[in-house]
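S.K.: target.pdb is the file, holding PDB, C-alpha atoms:
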ATOM      1  CA  MET A  20     188.038 -77.070 231.959
ATOM      2  CA  MET A  21     184.279 -76.807 231.644
ATOM      3  CA  ASN A  22     182.585 -74.899 228.857
ATOM      4  CA  SER A  23     181.284 -71.501 229.884
ATOM      5  CA  MET A  24     177.682 -71.842 231.046
ATOM      6  CA  LYS A  25     175.095 -69.173 231.797
ATOM      7  CA  VAL A  26     172.791 -69.256 234.758
ATOM      8  CA  PRO A  27     169.229 -69.798 233.507
ATOM      9  CA  HIS A  28     167.233 -66.588 233.679
ATOM     10  CA  ASP A  29     163.883 -67.346 232.064
ATOM     11  CA  SER A  30     162.557 -68.424 235.456
ATOM     12  CA  PHE A  31     163.924 -68.501 238.969
ATOM     13  CA  VAL A  32     163.567 -71.280 241.505
ATOM     14  CA  ASP A  33     160.855 -70.592 244.064
ATOM     15  CA  SER A  34     161.590 -69.721 247.676
ATOM     16  CA  ARG A  35     161.200 -73.318 248.882
ATOM     17  CA  ASP A  36     163.687 -74.558 246.319
ATOM     18  CA  PHE A  37     166.124 -71.784 247.160
ATOM     19  CA  ALA A  38     165.962 -72.772 250.847
ATOM     20  CA  ARG A  39     166.971 -76.306 249.819
ATOM     21  CA  ILE A  40     169.866 -74.991 247.764
ATOM     22  CA  ALA A  41     171.035 -72.744 250.600
ATOM     23  CA  ARG A  42     171.097 -75.672 253.032
ATOM     24  CA  ALA A  43     173.081 -77.754 250.551
ATOM     25  CA  ILE A  44     175.609 -74.979 249.961
ATOM     26  CA  ARG A  45     176.076 -74.576 253.709
ATOM     27  CA  PHE A  46     176.630 -78.328 254.004
ATOM     28  CA  ILE A  47     179.206 -78.310 251.193
ATOM     29  CA  ALA A  48     181.018 -75.295 252.656
ATOM     30  CA  THR A  49     181.192 -76.983 256.061
ATOM     31  CA  ASN A  50     182.029 -80.498 254.912
ATOM     32  CA  PHE A  51     183.980 -80.160 251.673
ATOM     33  CA  ARG A  52     187.113 -81.657 253.258
ATOM     34  CA  ALA A  53     185.222 -84.945 253.707
ATOM     35  CA  GLN A  54     184.146 -84.855 250.034
ATOM     36  CA  PRO A  55     180.545 -85.936 250.735
ATOM     37  CA  ARG A  56     178.715 -87.989 248.129
ATOM     38  CA  LEU A  57     175.772 -86.617 246.175
ATOM     39  CA  ALA A  58     173.328 -88.645 248.283
ATOM     40  CA  GLU A  59     174.552 -86.909 251.461
ATOM     41  CA  ILE A  60     174.233 -83.454 249.917
ATOM     42  CA  ALA A  61     170.811 -84.210 248.444
ATOM     43  CA  ALA A  62     169.620 -85.375 251.855
ATOM     44  CA  GLN A  63     170.273 -81.874 253.217
ATOM     45  CA  ALA A  64     167.800 -80.594 250.661
ATOM     46  CA  GLY A  65     165.281 -83.350 251.336
ATOM     47  CA  LEU A  66     165.357 -84.495 247.716
ATOM     48  CA  SER A  67     166.401 -87.537 245.741
ATOM     49  CA  GLU A  68     169.797 -87.442 244.073
ATOM     50  CA  PHE A  69     168.158 -87.092 240.650
ATOM     51  CA  HIS A  70     165.852 -84.204 241.562
ATOM     52  CA  PHE A  71     168.468 -82.377 243.606
ATOM     53  CA  ASN A  72     171.077 -82.698 240.860
ATOM     54  CA  ARG A  73     168.636 -81.213 238.355
ATOM     55  CA  LEU A  74     167.546 -78.391 240.689
ATOM     56  CA  PHE A  75     171.099 -77.414 241.601
ATOM     57  CA  ARG A  76     172.206 -77.406 237.971
ATOM     58  CA  ARG A  77     169.267 -75.181 237.083
ATOM     59  CA  TRP A  78     170.271 -72.703 239.797
ATOM     60  CA  ALA A  79     174.055 -72.757 239.539
ATOM     61  CA  GLY A  80     174.688 -73.789 235.953
ATOM     62  CA  LEU A  81     176.714 -76.822 237.069
ATOM     63  CA  THR A  82     176.180 -79.986 239.080
ATOM     64  CA  PRO A  83     176.625 -80.329 242.866
ATOM     65  CA  LYS A  84     179.664 -82.537 242.260
ATOM     66  CA  GLN A  85     181.236 -79.856 240.092
ATOM     67  CA  TYR A  86     180.462 -77.199 242.676
ATOM     68  CA  LEU A  87     182.043 -79.333 245.415
ATOM     69  CA  ALA A  88     185.179 -79.625 243.302
ATOM     70  CA  PHE A  89     185.143 -75.874 242.682
ATOM     71  CA  VAL A  90     184.900 -75.136 246.417
ATOM     72  CA  THR A  91     187.721 -77.577 247.117
ATOM     73  CA  GLY A  92     189.974 -75.915 244.567
ATOM     74  CA  ARG A  93     189.089 -72.413 245.709
ATOM     75  CA  GLU A  94     189.788 -73.147 249.332
ATOM     76  CA  ALA A  95     193.101 -74.750 248.416
ATOM     77  CA  LYS A  96     194.143 -71.503 246.755
ATOM     78  CA  GLY A  97     193.102 -69.415 249.758
ATOM     79  CA  GLU A  98     191.020 -67.166 247.530
ATOM     80  CA  LEU A  99     188.704 -66.064 250.281
ATOM     81  CA  THR A 100     191.356 -64.377 252.393
ATOM     82  CA  SER A 101     193.205 -62.869 249.432
ATOM     83  CA  GLN A 102     190.339 -60.638 248.356
ATOM     84  CA  PRO A 103     189.794 -58.051 251.128
ATOM     85  CA  SER A 104     192.548 -55.647 250.009
ATOM     86  CA  VAL A 105     191.222 -55.164 246.463
ATOM     87  CA  LEU A 106     189.080 -52.116 247.211
ATOM     88  CA  GLU A 107     191.714 -50.455 249.363
ATOM     89  CA  ALA A 108     194.360 -50.941 246.675
ATOM     90  CA  ALA A 109     192.134 -49.449 244.003
ATOM     91  CA  TYR A 110     191.544 -46.299 246.036
ATOM     92  CA  ALA A 111     195.241 -46.033 246.861
ATOM     93  CA  VAL A 112     196.124 -45.561 243.194
ATOM     94  CA  GLY A 113     193.353 -43.019 242.631
ATOM     95  CA  LEU A 114     190.773 -45.219 240.997
ATOM     96  CA  SER A 115     187.094 -44.940 241.797
ATOM     97  CA  GLY A 116     186.992 -48.726 242.114
ATOM     98  CA  PRO A 117     188.187 -51.870 240.378
ATOM     99  CA  GLY A 118     184.968 -52.595 238.533
ATOM    100  CA  ARG A 119     181.323 -51.637 238.182
ATOM    101  CA  LEU A 120     178.625 -53.914 239.505
ATOM    102  CA  HIS A 121     177.832 -56.618 236.935
ATOM    103  CA  ASP A 122     179.552 -54.403 234.355
ATOM    104  CA  LEU A 123     176.423 -52.245 234.483
ATOM    105  CA  ILE A 124     175.880 -48.591 235.187
ATOM    106  CA  VAL A 125     174.256 -48.520 238.619
ATOM    107  CA  SER A 126     174.074 -44.989 239.983
ATOM    108  CA  LEU A 127     173.214 -43.915 243.500
ATOM    109  CA  ASP A 128     170.775 -41.026 243.727
ATOM    110  CA  ALA A 129     170.241 -39.951 247.335
ATOM    111  CA  VAL A 130     167.128 -38.078 248.419
ATOM    112  CA  THR A 131     167.565 -34.380 249.092
ATOM    113  CA  PRO A 132     167.457 -32.979 252.674
ATOM    114  CA  GLY A 133     163.947 -31.693 251.966
ATOM    115  CA  GLU A 134     162.835 -35.079 250.684
ATOM    116  CA  LEU A 135     164.401 -36.751 253.695
ATOM    117  CA  LYS A 136     162.420 -34.491 256.034
ATOM    118  CA  ALA A 137     159.214 -35.124 254.084
ATOM    119  CA  ARG A 138     159.702 -38.913 254.389
ATOM    120  CA  GLY A 139     158.088 -39.517 251.012
ATOM    121  CA  ARG A 140     155.245 -36.999 251.192
ATOM    122  CA  GLY A 141     153.836 -36.507 247.704
ATOM    123  CA  LEU A 142     155.546 -39.631 246.347
ATOM    124  CA  GLU A 143     153.927 -42.785 245.036
ATOM    125  CA  ILE A 144     156.008 -45.867 245.673
ATOM    126  CA  ARG A 145     155.217 -48.922 243.619
ATOM    127  CA  TYR A 146     156.175 -52.187 245.269
ATOM    128  CA  GLY A 147     155.730 -55.871 244.713
ATOM    129  CA  PHE A 148     157.082 -59.355 245.274
ATOM    130  CA  ALA A 149     159.074 -61.442 242.816
ATOM    131  CA  ASP A 150     161.127 -64.619 242.674
ATOM    132  CA  THR A 151     164.901 -64.229 242.423
ATOM    133  CA  PRO A 152     167.802 -66.700 242.384
ATOM    134  CA  PHE A 153     167.983 -66.148 246.155
ATOM    135  CA  GLY A 154     164.355 -66.600 247.064
ATOM    136  CA  ARG A 155     161.397 -64.258 247.197
ATOM    137  CA  ALA A 156     162.137 -60.533 247.280
ATOM    138  CA  LEU A 157     160.305 -57.260 247.808
ATOM    139  CA  LEU A 158     161.224 -54.562 245.279
ATOM    140  CA  ALA A 159     160.030 -50.955 245.331
ATOM    141  CA  THR A 160     160.545 -47.903 243.138
ATOM    142  CA  THR A 161     160.045 -44.149 243.307
ATOM    143  CA  PRO A 162     159.759 -42.120 240.083
ATOM    144  CA  ARG A 163     163.552 -41.648 240.327
ATOM    145  CA  GLY A 164     164.628 -45.258 240.679
ATOM    146  CA  LEU A 165     164.766 -48.455 242.695
ATOM    147  CA  CYS A 166     164.551 -47.560 246.383
ATOM    148  CA  HIS A 167     164.258 -50.956 248.045
ATOM    149  CA  LEU A 168     165.239 -54.559 247.410
ATOM    150  CA  ALA A 169     164.864 -56.932 250.337
ATOM    151  CA  PHE A 170     164.829 -60.713 250.452
ATOM    152  CA  VAL A 171     161.788 -62.147 252.215
ATOM    153  CA  GLU A 172     161.414 -65.317 254.227
ATOM    154  CA  PRO A 173     158.270 -67.445 253.780
ATOM    155  CA  GLY A 174     155.326 -66.002 255.690
ATOM    156  CA  GLU A 175     156.995 -62.629 256.277
ATOM    157  CA  ASP A 176     155.547 -60.598 253.401
ATOM    158  CA  GLN A 177     153.713 -58.150 255.658
ATOM    159  CA  LYS A 178     156.758 -57.669 257.888
ATOM    160  CA  ALA A 179     158.797 -56.781 254.798
ATOM    161  CA  VAL A 180     156.179 -54.278 253.618
ATOM    162  CA  ASN A 181     156.056 -52.693 257.074
ATOM    163  CA  GLU A 182     159.834 -52.163 256.987
ATOM    164  CA  LEU A 183     159.517 -50.500 253.581
ATOM    165  CA  ARG A 184     156.695 -48.237 254.776
ATOM    166  CA  ASP A 185     158.716 -47.250 257.829
ATOM    167  CA  SER A 186     161.443 -45.819 255.589
ATOM    168  CA  TRP A 187     158.948 -43.764 253.565
ATOM    169  CA  ARG A 188     156.264 -43.047 256.169
ATOM    170  CA  ASN A 189     154.389 -40.329 254.316
ATOM    171  CA  ALA A 190     154.407 -41.840 250.831
ATOM    172  CA  GLU A 191     151.510 -43.391 248.986
ATOM    173  CA  PHE A 192     151.978 -47.070 248.180
ATOM    174  CA  ALA A 193     150.663 -49.074 245.232
ATOM    175  CA  ARG A 194     151.267 -52.789 244.847
ATOM    176  CA  ASP A 195     152.524 -53.902 241.441
ATOM    177  CA  ASP A 196     153.882 -57.455 241.352
ATOM    178  CA  ALA A 197     154.234 -57.400 237.565
ATOM    179  CA  ARG A 198     156.618 -54.442 237.747
ATOM    180  CA  ALA A 199     158.563 -56.101 240.550
ATOM    181  CA  THR A 200     158.941 -59.261 238.459
ATOM    182  CA  ASP A 201     160.154 -57.216 235.499
ATOM    183  CA  LEU A 202     162.707 -55.466 237.716
ATOM    184  CA  ALA A 203     163.938 -58.774 239.115
ATOM    185  CA  ARG A 204     164.510 -60.057 235.598
ATOM    186  CA  ARG A 205     166.398 -56.899 234.670
ATOM    187  CA  VAL A 206     168.598 -57.241 237.742
ATOM    188  CA  TRP A 207     169.450 -60.934 237.359
ATOM    189  CA  SER A 208     169.154 -61.627 233.634
ATOM    190  CA  PRO A 209     172.608 -61.761 231.977
ATOM    191  CA  ALA A 210     171.741 -59.295 229.199
ATOM    192  CA  GLY A 211     168.669 -57.479 230.491
ATOM    193  CA  PRO A 212     170.056 -54.735 232.751
ATOM    194  CA  ALA A 213     172.966 -53.842 230.467
ATOM    195  CA  ALA A 214     170.523 -52.327 227.985
ATOM    196  CA  ALA A 215     168.773 -50.298 230.693
ATOM    197  CA  PRO A 216     171.053 -48.827 233.390
ATOM    198  CA  LEU A 217     169.580 -48.864 236.874
ATOM    199  CA  LYS A 218     169.280 -45.847 239.141
ATOM    200  CA  LEU A 219     168.960 -46.324 242.902
ATOM    201  CA  ASN A 220     166.982 -43.709 244.848
ATOM    202  CA  VAL A 221     167.816 -44.277 248.508
ATOM    203  CA  VAL A 222     167.411 -42.717 251.942
ATOM    204  CA  GLY A 223     170.525 -42.559 254.104
ATOM    205  CA  THR A 224     172.878 -40.394 256.127
ATOM    206  CA  ASN A 225     175.979 -38.929 254.474
ATOM    207  CA  PHE A 226     178.099 -41.611 256.141
ATOM    208  CA  GLN A 227     175.824 -44.429 254.976
ATOM    209  CA  LEU A 228     175.838 -43.064 251.434
ATOM    210  CA  LYS A 229     179.653 -43.015 251.383
ATOM    211  CA  VAL A 230     179.730 -46.664 252.450
ATOM    212  CA  TRP A 231     177.096 -47.706 249.925
ATOM    213  CA  GLN A 232     178.845 -45.838 247.110
ATOM    214  CA  ALA A 233     182.134 -47.531 248.021
ATOM    215  CA  LEU A 234     180.379 -50.897 247.797
ATOM    216  CA  LEU A 235     179.066 -50.002 244.339
ATOM    217  CA  ASP A 236     182.557 -48.976 243.250
ATOM    218  CA  LEU A 237     183.862 -52.244 244.605
ATOM    219  CA  GLY A 238     181.812 -54.192 242.083
ATOM    220  CA  ALA A 239     179.833 -57.396 242.103
ATOM    221  CA  HIS A 240     182.547 -59.973 242.686
ATOM    222  CA  ARG A 241     185.162 -58.281 244.876
ATOM    223  CA  ARG A 242     185.273 -59.031 248.570
ATOM    224  CA  THR A 243     186.438 -56.698 251.309
ATOM    225  CA  THR A 244     186.406 -56.320 255.098
ATOM    226  CA  TYR A 245     184.762 -53.784 257.387
ATOM    227  CA  THR A 246     188.214 -52.425 258.268
ATOM    228  CA  ALA A 247     189.336 -52.078 254.647
ATOM    229  CA  LEU A 248     186.036 -50.440 253.734
ATOM    230  CA  ALA A 249     186.457 -47.921 256.564
ATOM    231  CA  ASP A 250     189.975 -47.109 255.355
ATOM    232  CA  ALA A 251     188.794 -46.770 251.770
ATOM    233  CA  ILE A 252     186.266 -44.039 252.635
ATOM    234  CA  GLY A 253     188.805 -42.169 254.760
ATOM    235  CA  GLN A 254     187.329 -43.214 258.093
ATOM    236  CA  ARG A 255     190.081 -45.345 259.581
ATOM    237  CA  GLY A 256     189.014 -46.878 262.882
ATOM    238  CA  SER A 257     185.296 -46.728 262.110
ATOM    239  CA  ALA A 258     184.811 -50.386 261.209
ATOM    240  CA  ARG A 259     181.907 -50.730 263.655
ATOM    241  CA  ALA A 260     180.092 -47.734 262.161
ATOM    242  CA  VAL A 261     180.772 -49.096 258.679
ATOM    243  CA  GLY A 262     179.255 -52.389 259.793
ATOM    244  CA  ASN A 263     176.106 -50.575 260.896
ATOM    245  CA  ALA A 264     175.906 -48.764 257.550
ATOM    246  CA  VAL A 265     176.373 -52.029 255.671
ATOM    247  CA  GLY A 266     173.583 -53.583 257.738
ATOM    248  CA  ALA A 267     171.264 -50.662 256.906
ATOM    249  CA  ASN A 268     171.669 -51.127 253.151
ATOM    250  CA  PRO A 269     168.156 -50.747 251.643
ATOM    251  CA  VAL A 270     168.962 -52.325 248.269
ATOM    252  CA  GLY A 271     170.191 -55.889 248.559
ATOM    253  CA  TRP A 272     172.394 -57.473 245.868
ATOM    254  CA  LEU A 273     172.784 -54.275 243.772
ATOM    255  CA  ILE A 274     174.577 -52.535 246.625
ATOM    256  CA  PRO A 275     176.707 -55.614 247.347
ATOM    257  CA  CYS A 276     176.889 -55.594 251.131
ATOM    258  CA  HIS A 277     177.205 -59.402 250.939
ATOM    259  CA  ASN A 278     180.823 -58.906 249.825
ATOM    260  CA  VAL A 279     181.903 -57.574 253.220
ATOM    261  CA  LEU A 280     183.598 -60.238 255.354
ATOM    262  CA  ARG A 281     185.342 -60.312 258.691
ATOM    263  CA  ARG A 282     189.114 -59.860 258.734
ATOM    264  CA  ASP A 283     189.596 -63.597 259.305
ATOM    265  CA  GLY A 284     187.573 -64.405 256.183
ATOM    266  CA  ALA A 285     184.469 -65.498 258.128
ATOM    267  CA  LEU A 286     181.096 -64.544 256.685
ATOM    268  CA  GLY A 287     180.057 -62.092 259.362
ATOM    269  CA  GLY A 288     176.430 -61.032 259.638
ATOM    270  CA  TYR A 289     173.930 -60.382 256.890
ATOM    271  CA  HIS A 290     170.561 -58.659 257.149
ATOM    272  CA  TRP A 291     168.890 -61.440 255.175
ATOM    273  CA  GLY A 292     170.624 -64.412 256.800
ATOM    274  CA  GLU A 293     174.012 -66.106 256.605
ATOM    275  CA  ASP A 294     172.722 -69.002 254.471
ATOM    276  CA  ARG A 295     171.603 -66.512 251.840
ATOM    277  CA  LYS A 296     174.890 -64.612 252.052
ATOM    278  CA  ARG A 297     176.821 -67.850 251.541
ATOM    279  CA  ALA A 298     174.658 -68.722 248.530
ATOM    280  CA  ILE A 299     175.060 -65.234 247.034
ATOM    281  CA  LEU A 300     178.838 -65.436 247.366
ATOM    282  CA  ALA A 301     178.826 -68.895 245.776
ATOM    283  CA  TRP A 302     176.653 -67.728 242.884
ATOM    284  CA  GLY A 303     178.852 -64.661 242.384
ATOM    285  CA  SER A 304     182.047 -66.714 242.382
ATOM    286  CA  LEU A 305     180.642 -69.083 239.790
ATOM    287  CA  SER A 306     179.403 -66.191 237.644
ATOM    288  CA  ARG A 307     182.835 -64.571 237.738
ATOM    289  CA  GLN A 308     184.495 -67.805 236.704
ATOM    290  CA  ARG A 309     182.065 -68.208 233.808
ATOM    291  CA  GLU A 310     182.699 -64.628 232.656
ATOM    292  CA  GLU A 311     186.430 -65.276 232.717
ATOM    293  CA  GLY A 312     186.143 -68.247 230.423
ATOM    294  CA  GLY A 313     185.139 -71.300 232.412
ATOM    295  CA  ILE A 314     185.483 -73.118 235.689
ATOM    296  CA  ASP A 315     188.376 -75.328 236.615
ATOM    297  CA  VAL A 316     186.929 -78.478 238.137
ATOM    298  CA  PRO A 317     189.724 -80.564 239.644
ATOM    299  CA  ALA A 318     189.308 -84.287 240.068
ATOM    300  CA  VAL A 319     188.354 -85.219 243.610
ATOM    301  CA  ARG A 320     188.101 -88.415 245.596
ATOM    302  CA  HIS A 321     185.033 -89.082 247.639
ATOM    303  CA  ALA A 322     185.297 -90.296 251.201
ATOM    304  CA  THR A 323     184.324 -93.903 251.673
TER     305      THR A 323
END
How would this structure read if it were set down as structure tokens?

M.R.:
Amino acid sequence: MMNSMKVPHDSFVDSRDFARIARAIRFIATNFRAQPRLAEIAAQAGLSEFHFNRLFRRWAGLTPKQYLAFVTGREAKGELTSQPSVLEAAYAVGLSGPGRLHDLIVSLDAVTPGELKARGRGLEIRYGFADTPFGRALLATTPRGLCHLAFVEPGEDQKAVNELRDSWRNAEFARDDARATDLARRVWSPAGPAAAPLKLNVVGTNFQLKVWQALLDLGAHRRTTYTALADAIGQRGSARAVGNAVGANPVGWLIPCHNVLRRDGALGGYHWGEDRKRAILAWGSLSRQREEGGIDVPAVRHAT
């Protein structure tokens, strides 16, 4: 049993480093049965064993070898396919959900019909870019809360801003990277957000809002399926529509659309890429294990 370790939060890896980590996680997820050596995993990131080991430990709080062992043990237990019924079961016994996101108070504050029609007229939206554990992100706020959190690929800053502006066409926009960085630290720092509950101010249809609220009730570390999510909101048979609502989520990570998987346990799609979704799920699994008192790291043999 490893000692409980916290993910570093004083600084996040930059977007290039996160891309390396995401490739390595994909490689481990695909090849864990072969128990690849550190050199093979590091090669996927284009780094030496020493530098990759240090980078991965900084991001995940444990070494690549330990993460490989964790994945091996998790897959052996069939954890992935045992999770989808958690949300449905919670609703069945009258609970609002099995846990709040990150044990924080994250409330969803939808715009009013009048505000929806105005598309942001009279509002100033402050936006900016910041590093996160999952690469560069665009964060934006209205006076009532966080309205947008989107992960951004290298070279696509303007595309991300255009998507934000399209959702709030008549608003005034002011760039504020310092505020965005502060928000990112509140979201991902272990202790930061707990002292300052986050309010989300989002634009969506009634159906989308029901789906997003269900995801918030689900919590940070609980996985579900499109079908189970549809059942949980009382819309049996609407898995496709639920999928569309999940894909339209304007606030990544905090509204945990990454937790929705296909019925067979496959990742399914993700607005910000499957590699990022895989990394987010890995990070969340490791965080949950740390919160519960440590990570079991079974001994493994490496393929020769």

S.K.: Report as JSON, numbers by chain all protein, DNA and RNA residues lying within 10 Å of Thr131 (chain A), evaluated on all atoms listed in the file, omitting residues in the same chain fewer than 5 positions from it.

M.R.: {"A": [136, 137, 221, 222]}

S.K.: Apply the PyMOL selection byres ((chain A and resi 43-54) around 7) to the file shown and report the selected residues as an mmCIF file with C-alpha atoms, keeping the file's coordinate frame.

M.R.:
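Output file selection-v7.cif is given in full below:
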data_model
loop_
_atom_site.group_PDB
_atom_site.id
_atom_site.type_symbol
_atom_site.label_atom_id
_atom_site.label_comp_id
_atom_site.auth_asym_id
_atom_site.auth_seq_id
_atom_site.Cartn_x
_atom_site.Cartn_y
_atom_site.Cartn_z
ATOM 1 C CA ARG A 39 166.971 -76.306 249.819
ATOM 2 C CA ILE A 40 169.866 -74.991 247.764
ATOM 3 C CA ALA A 41 171.035 -72.744 250.600
ATOM 4 C CA ARG A 42 171.097 -75.672 253.032
ATOM 5 C CA PRO A 55 180.545 -85.936 250.735
ATOM 6 C CA ARG A 56 178.715 -87.989 248.129
ATOM 7 C CA ILE A 60 174.233 -83.454 249.917
ATOM 8 C CA GLN A 63 170.273 -81.874 253.217
ATOM 9 C CA ALA A 64 167.800 -80.594 250.661
ATOM 10 C CA LEU A 87 182.043 -79.333 245.415
ATOM 11 C CA THR A 91 187.721 -77.577 247.117
ATOM 12 C CA ASP A 294 172.722 -69.002 254.471
ATOM 13 C CA ALA A 298 174.658 -68.722 248.530
ATOM 14 C CA ARG A 320 188.101 -88.415 245.596
ATOM 15 C CA HIS A 321 185.033 -89.082 247.639
ATOM 16 C CA ALA A 322 185.297 -90.296 251.201
#

S.K.: Tell me, as a PyMOL selection string, which residues lie within 8 Å of Thr82 (chain A), counting only C-alpha atoms; anything in the same chain fewer than 5 positions away does not count.

M.R.: chain A and resi 72-73+75-76

S.K.: Once you have the residues from the selection above, write them out as a PDB file, in the coordinates of the input, restricted to C-alpha atoms.

M.R.:
ATOM      1  CA  ASN A  72     171.077 -82.698 240.860  1.00  0.00           C
ATOM      2  CA  ARG A  73     168.636 -81.213 238.355  1.00  0.00           C
ATOM      3  CA  PHE A  75     171.099 -77.414 241.601  1.00  0.00           C
ATOM      4  CA  ARG A  76     172.206 -77.406 237.971  1.00  0.00           C
TER       5      ARG A  76
END

S.K.: Give the answer as one residue: which of A:Gly139, A:Gly266, A:Gly271, A:Pro83 has the shortest atom-to-atom distance to His290 (chain A), using all atoms listed in the file?

M.R.: A:Gly266

S.K.: Given the file shown, determine the residues that the PyMOL selection byres ((chain A and resi 31-35) around 6) selects; report them as a PyMOL selection string.

M.R.: chain A and resi 30+36-38+151-152+154-155

S.K.: Nearest residue to Val171 (chain A) out of A:Gly292, A:Ala258, A:Arg242, A:Leu235, using only C-alpha atoms?

M.R.: A:Gly292

S.K.: Please indicate the distance in Å from CA of Pro269 (chain A) to CA of Ala169 (chain A), rounded to one decimal place.

M.R.: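 Atom-to-atom, CA of Pro269 (chain A) and CA of Ala169 (chain A) are spaced 7.1 Å apart.
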
S.K.: Could you write out as an MDAnalysis selection string the residues that the PyMOL selection byres ((chain A and resi 163) around 12) matches in the shown file?

M.R.: chainID A and resid 126:130 142:145 159:162 164:166 217:221

S.K.: With distances taken over all atoms listed in the file, which residue among A:Phe89, A:Phe69, A:Tyr245, A:Trp272 lies nearest Trp291 (chain A)?

M.R.: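 Selected residue with least distance to Trp291 (chain A): A:Trp272.
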
S.K.: How big is the axis-aligned box around all listed atoms of region 174-187 of chain A once 3 Å goes on each side, and where's its centre, in Å to one decimal, as AutoDock Vina command-line options?

M.R.:
--center_x 157.6 --center_y -54.9 --center_z 255.6 --size_x 13.7 --size_y 28.2 --size_z 10.5

S.K.: Record the distance separating CA of Trp231 (chain A) and CA of Leu158 (chain A), expressed in Å with one decimal.

M.R.: 17.9 Å

S.K.: Mind giving me the straight-line distance from CA of Gly287 (chain A) to CA of Ala251 (chain A) in Å, one decimal?

M.R.: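 These two atoms are separated by 19.2 Å.
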
S.K.: Need to verify the contact set: Phe226 (chain A), 12 Å, only C-alpha atoms, exclusion of same-chain residues closer than 4 positions in sequence. Can you return it as a list in words?

M.R.: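 That gives Ala129, Val222, Val230, Trp231, Gln232, Ala233, Ala249, Ile252, Gly253, Gln254, Ser257, Ala260, Val261, Gly262, Asn263, Ala264, Val265, Ala267 and Asn268 of chain A.
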
S.K.: Can you spit out the residues from that selection as a CSV table (one decimal), in the frame of the given file, using C-alpha atoms?

M.R.:
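Heads up, here's the output in selection31.csv:
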chain,number,residue,atom,x,y,z
A,129,ALA,CA,170.2,-40.0,247.3
A,222,VAL,CA,167.4,-42.7,251.9
A,230,VAL,CA,179.7,-46.7,252.4
A,231,TRP,CA,177.1,-47.7,249.9
A,232,GLN,CA,178.8,-45.8,247.1
A,233,ALA,CA,182.1,-47.5,248.0
A,249,ALA,CA,186.5,-47.9,256.6
A,252,ILE,CA,186.3,-44.0,252.6
A,253,GLY,CA,188.8,-42.2,254.8
A,254,GLN,CA,187.3,-43.2,258.1
A,257,SER,CA,185.3,-46.7,262.1
A,260,ALA,CA,180.1,-47.7,262.2
A,261,VAL,CA,180.8,-49.1,258.7
A,262,GLY,CA,179.3,-52.4,259.8
A,263,ASN,CA,176.1,-50.6,260.9
A,264,ALA,CA,175.9,-48.8,257.6
A,265,VAL,CA,176.4,-52.0,255.7
A,267,ALA,CA,171.3,-50.7,256.9
A,268,ASN,CA,171.7,-51.1,253.2
